[in-house]
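See below for the structure under consideration.
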Amino acid sequence: AHGGTAARAPSCASRSRASLRAVRAEAAAEAVRLRELTERIRARVPRLVPDVEVVGDPVHRLPGIVTFSCLYVDGETLLHELDREGFSVSSGSSCTSSTLTPSHVLKAMGVLSEGNVRVSLPPGTAEEDVERFLAVLPGAVAGVREKLGAPAPRTAARTEELLLDALGKRCPIPVIELAKVIGDVPVGGTVRVLSDDEAARLDIPAWCAMREQEYVGEEPAETGTAYVVRRIS
């Protein structure tokens with residue numbers, strides 16, 4: 001000693017606590033940034049793409065995840081199109097090669113089982129990547145809808161009730177065909193959709209909610225189920 005008091009070096013525990021605080025502060029700042037990017041996606045996707053519903057609570061959700069459902073779109077096909085553009089996203093679609101049972105989570109949320117896209121932004125996602133995704137998405141959705149024969153506007157009104165046979169066709173095809181013929185009944189008329197795809201039990205009511213038509217309910221049929229829709233607009 002030289003007559004003074006030697007300064008103590010910070011302990012290992014103190015350095016660890018300081019490092020942890022720094023990491024937490026950095027993570028909190030990144031969470032805010034990711035939430036702003038997902039808010040951008042949530043706000044702009046419905047403006048860029050027709051017939052899209054953003055899923056989930058706008059506030060009580062994880063900061064880097066946004067989910068939306070597209071009418072008249074097969075989710076897996078859309079994922080392939082986006083993958084070709086360099087975007088790896090997920091789908092909440094439950095129609096796979098092994099099962100036709102809709103996701104219980106999607107069913108509980110009352111959203112489409114098809115055309116569902118879940119975007120997860122990892123830490124460090126660049127703003128430019130989000131902008132490019134928003135630029136690519138409308139064309140990708142339009143391309144898939146064209147391949148599936150998505151409906152054009154209809155104005156004809158011929159009969160009070162139609163029977164639409166969609167047996168043997170997997171969603172979203174029954175919904176697409178429903179959209180094509182709903183204009184062929186007058187306001188107040190009904191369309192009975194025959195389907196043996198379990199996903200139709202979720203997708204047809206969800207379509208009615210998105211297109212402001214009345215879902216009357218389902219009725220037993222000799223094959224499959226009859227889903228009754230009343231035109232109200």
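By convention here, the chains of the structure tokens are called A, B, ... in the order presented, each chain's residues are numbered starting at 1, and ligands are numbered starting at 1 in the order presented.
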Legend entry - Test item: residues at most 8 Å from segment 80-88 of chain A, only C-alpha atoms, excluding those fewer than 2 positions along its chain, as a list in words: Glu76, Thr77, Leu78, Ser90, Phe133, Val136, Leu137 and Ala140 of chain A
Legend entry - Polymer residues at most 7 Å from Asp196 of chain A, only C-alpha atoms, same-chain spacing of 4 or more positions, as a list in words: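 Residues meeting the cut-off are Leu167, Gly168, Gly224 and Thr225 of chain A.
The environment of segment 61-71 of chain A within 7 Å, counting only C-alpha atoms and disregarding residues fewer than 4 places along the same chain, consists of Ala31, Leu34, Arg35, Thr38, Arg42, Asp51, Val52, Glu53, Val54, Val55, Asp57, Leu112, Gly115, Asn116, Val117, Arg118, Val119, Ser120, Leu121 and Pro122 of chain A.
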Inset, instruction - Find the residue from A:Tyr72, A:Thr223, A:Gly139, A:Glu36 that sits nearest to Lys180 of chain A; use only C-alpha atoms when measuring. - result: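 Of A:Tyr72, A:Thr223, A:Gly139, A:Glu36, the one nearest Lys180 of chain A is A:Tyr72, counting only C-alpha atoms.
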Legend entry - helix (DSSP H, G or I) positions in segment 168-208 of chain A, given as number ranges by chain: A: 173-184, 200-208
Just N, CA and C atoms for this one: save the residues we selected as a PDB file, in the first residue's frame.
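Listing of part_15.pdb after writing:
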ATOM      1  N   ILE A 173     -61.944 -24.047 -52.621  1.00  0.00           N
ATOM      2  CA  ILE A 173     -62.786 -24.115 -53.819  1.00  0.00           C
ATOM      3  C   ILE A 173     -64.278 -23.974 -53.506  1.00  0.00           C
ATOM      4  N   PRO A 174     -64.848 -24.660 -52.478  1.00  0.00           N
ATOM      5  CA  PRO A 174     -66.281 -24.438 -52.191  1.00  0.00           C
ATOM      6  C   PRO A 174     -66.614 -22.975 -51.910  1.00  0.00           C
ATOM      7  N   VAL A 175     -65.719 -22.269 -51.232  1.00  0.00           N
ATOM      8  CA  VAL A 175     -65.958 -20.858 -50.935  1.00  0.00           C
ATOM      9  C   VAL A 175     -65.886 -20.030 -52.215  1.00  0.00           C
ATOM     10  N   ILE A 176     -64.929 -20.351 -53.083  1.00  0.00           N
ATOM     11  CA  ILE A 176     -64.815 -19.632 -54.350  1.00  0.00           C
ATOM     12  C   ILE A 176     -66.078 -19.823 -55.184  1.00  0.00           C
ATOM     13  N   GLU A 177     -66.586 -21.049 -55.249  1.00  0.00           N
ATOM     14  CA  GLU A 177     -67.786 -21.304 -56.038  1.00  0.00           C
ATOM     15  C   GLU A 177     -69.020 -20.652 -55.415  1.00  0.00           C
ATOM     16  N   LEU A 178     -69.074 -20.608 -54.096  1.00  0.00           N
ATOM     17  CA  LEU A 178     -70.163 -19.895 -53.422  1.00  0.00           C
ATOM     18  C   LEU A 178     -70.142 -18.421 -53.810  1.00  0.00           C
ATOM     19  N   ALA A 179     -68.955 -17.818 -53.785  1.00  0.00           N
ATOM     20  CA  ALA A 179     -68.838 -16.401 -54.123  1.00  0.00           C
ATOM     21  C   ALA A 179     -69.262 -16.133 -55.565  1.00  0.00           C
ATOM     22  N   LYS A 180     -69.025 -17.104 -56.451  1.00  0.00           N
ATOM     23  CA  LYS A 180     -69.394 -16.929 -57.852  1.00  0.00           C
ATOM     24  C   LYS A 180     -70.903 -16.945 -58.069  1.00  0.00           C
ATOM     25  N   VAL A 181     -71.647 -17.690 -57.237  1.00  0.00           N
ATOM     26  CA  VAL A 181     -73.089 -17.842 -57.495  1.00  0.00           C
ATOM     27  C   VAL A 181     -73.967 -17.020 -56.567  1.00  0.00           C
ATOM     28  N   ILE A 182     -73.403 -16.422 -55.507  1.00  0.00           N
ATOM     29  CA  ILE A 182     -74.254 -15.707 -54.554  1.00  0.00           C
ATOM     30  C   ILE A 182     -75.025 -14.585 -55.250  1.00  0.00           C
ATOM     31  N   GLY A 183     -74.451 -14.010 -56.304  1.00  0.00           N
ATOM     32  CA  GLY A 183     -75.142 -12.960 -57.040  1.00  0.00           C
ATOM     33  C   GLY A 183     -76.264 -13.460 -57.926  1.00  0.00           C
ATOM     34  N   ASP A 184     -76.395 -14.782 -58.054  1.00  0.00           N
ATOM     35  CA  ASP A 184     -77.455 -15.352 -58.880  1.00  0.00           C
ATOM     36  C   ASP A 184     -78.755 -15.550 -58.111  1.00  0.00           C
ATOM     37  N   ALA A 200     -64.898 -26.711 -44.650  1.00  0.00           N
ATOM     38  CA  ALA A 200     -66.003 -25.842 -45.052  1.00  0.00           C
ATOM     39  C   ALA A 200     -66.830 -25.398 -43.851  1.00  0.00           C
ATOM     40  N   ARG A 201     -66.871 -26.209 -42.805  1.00  0.00           N
ATOM     41  CA  ARG A 201     -67.624 -25.863 -41.598  1.00  0.00           C
ATOM     42  C   ARG A 201     -67.083 -24.581 -40.963  1.00  0.00           C
ATOM     43  N   LEU A 202     -65.820 -24.298 -41.176  1.00  0.00           N
ATOM     44  CA  LEU A 202     -65.205 -23.076 -40.675  1.00  0.00           C
ATOM     45  C   LEU A 202     -65.173 -21.993 -41.751  1.00  0.00           C
ATOM     46  N   ASP A 203     -64.815 -22.381 -42.977  1.00  0.00           N
ATOM     47  CA  ASP A 203     -64.562 -21.376 -44.005  1.00  0.00           C
ATOM     48  C   ASP A 203     -65.830 -20.687 -44.507  1.00  0.00           C
ATOM     49  N   ILE A 204     -66.932 -21.413 -44.624  1.00  0.00           N
ATOM     50  CA  ILE A 204     -68.149 -20.789 -45.154  1.00  0.00           C
ATOM     51  C   ILE A 204     -68.716 -19.744 -44.174  1.00  0.00           C
ATOM     52  N   PRO A 205     -68.837 -20.044 -42.865  1.00  0.00           N
ATOM     53  CA  PRO A 205     -69.267 -18.977 -41.947  1.00  0.00           C
ATOM     54  C   PRO A 205     -68.299 -17.799 -41.910  1.00  0.00           C
ATOM     55  N   ALA A 206     -66.990 -18.080 -41.996  1.00  0.00           N
ATOM     56  CA  ALA A 206     -66.016 -16.987 -41.984  1.00  0.00           C
ATOM     57  C   ALA A 206     -66.169 -16.129 -43.236  1.00  0.00           C
ATOM     58  N   TRP A 207     -66.412 -16.771 -44.389  1.00  0.00           N
ATOM     59  CA  TRP A 207     -66.645 -16.020 -45.621  1.00  0.00           C
ATOM     60  C   TRP A 207     -67.879 -15.127 -45.473  1.00  0.00           C
ATOM     61  N   CYS A 208     -68.938 -15.671 -44.891  1.00  0.00           N
ATOM     62  CA  CYS A 208     -70.159 -14.881 -44.694  1.00  0.00           C
ATOM     63  C   CYS A 208     -69.885 -13.646 -43.841  1.00  0.00           C
TER      64      CYS A 208
END
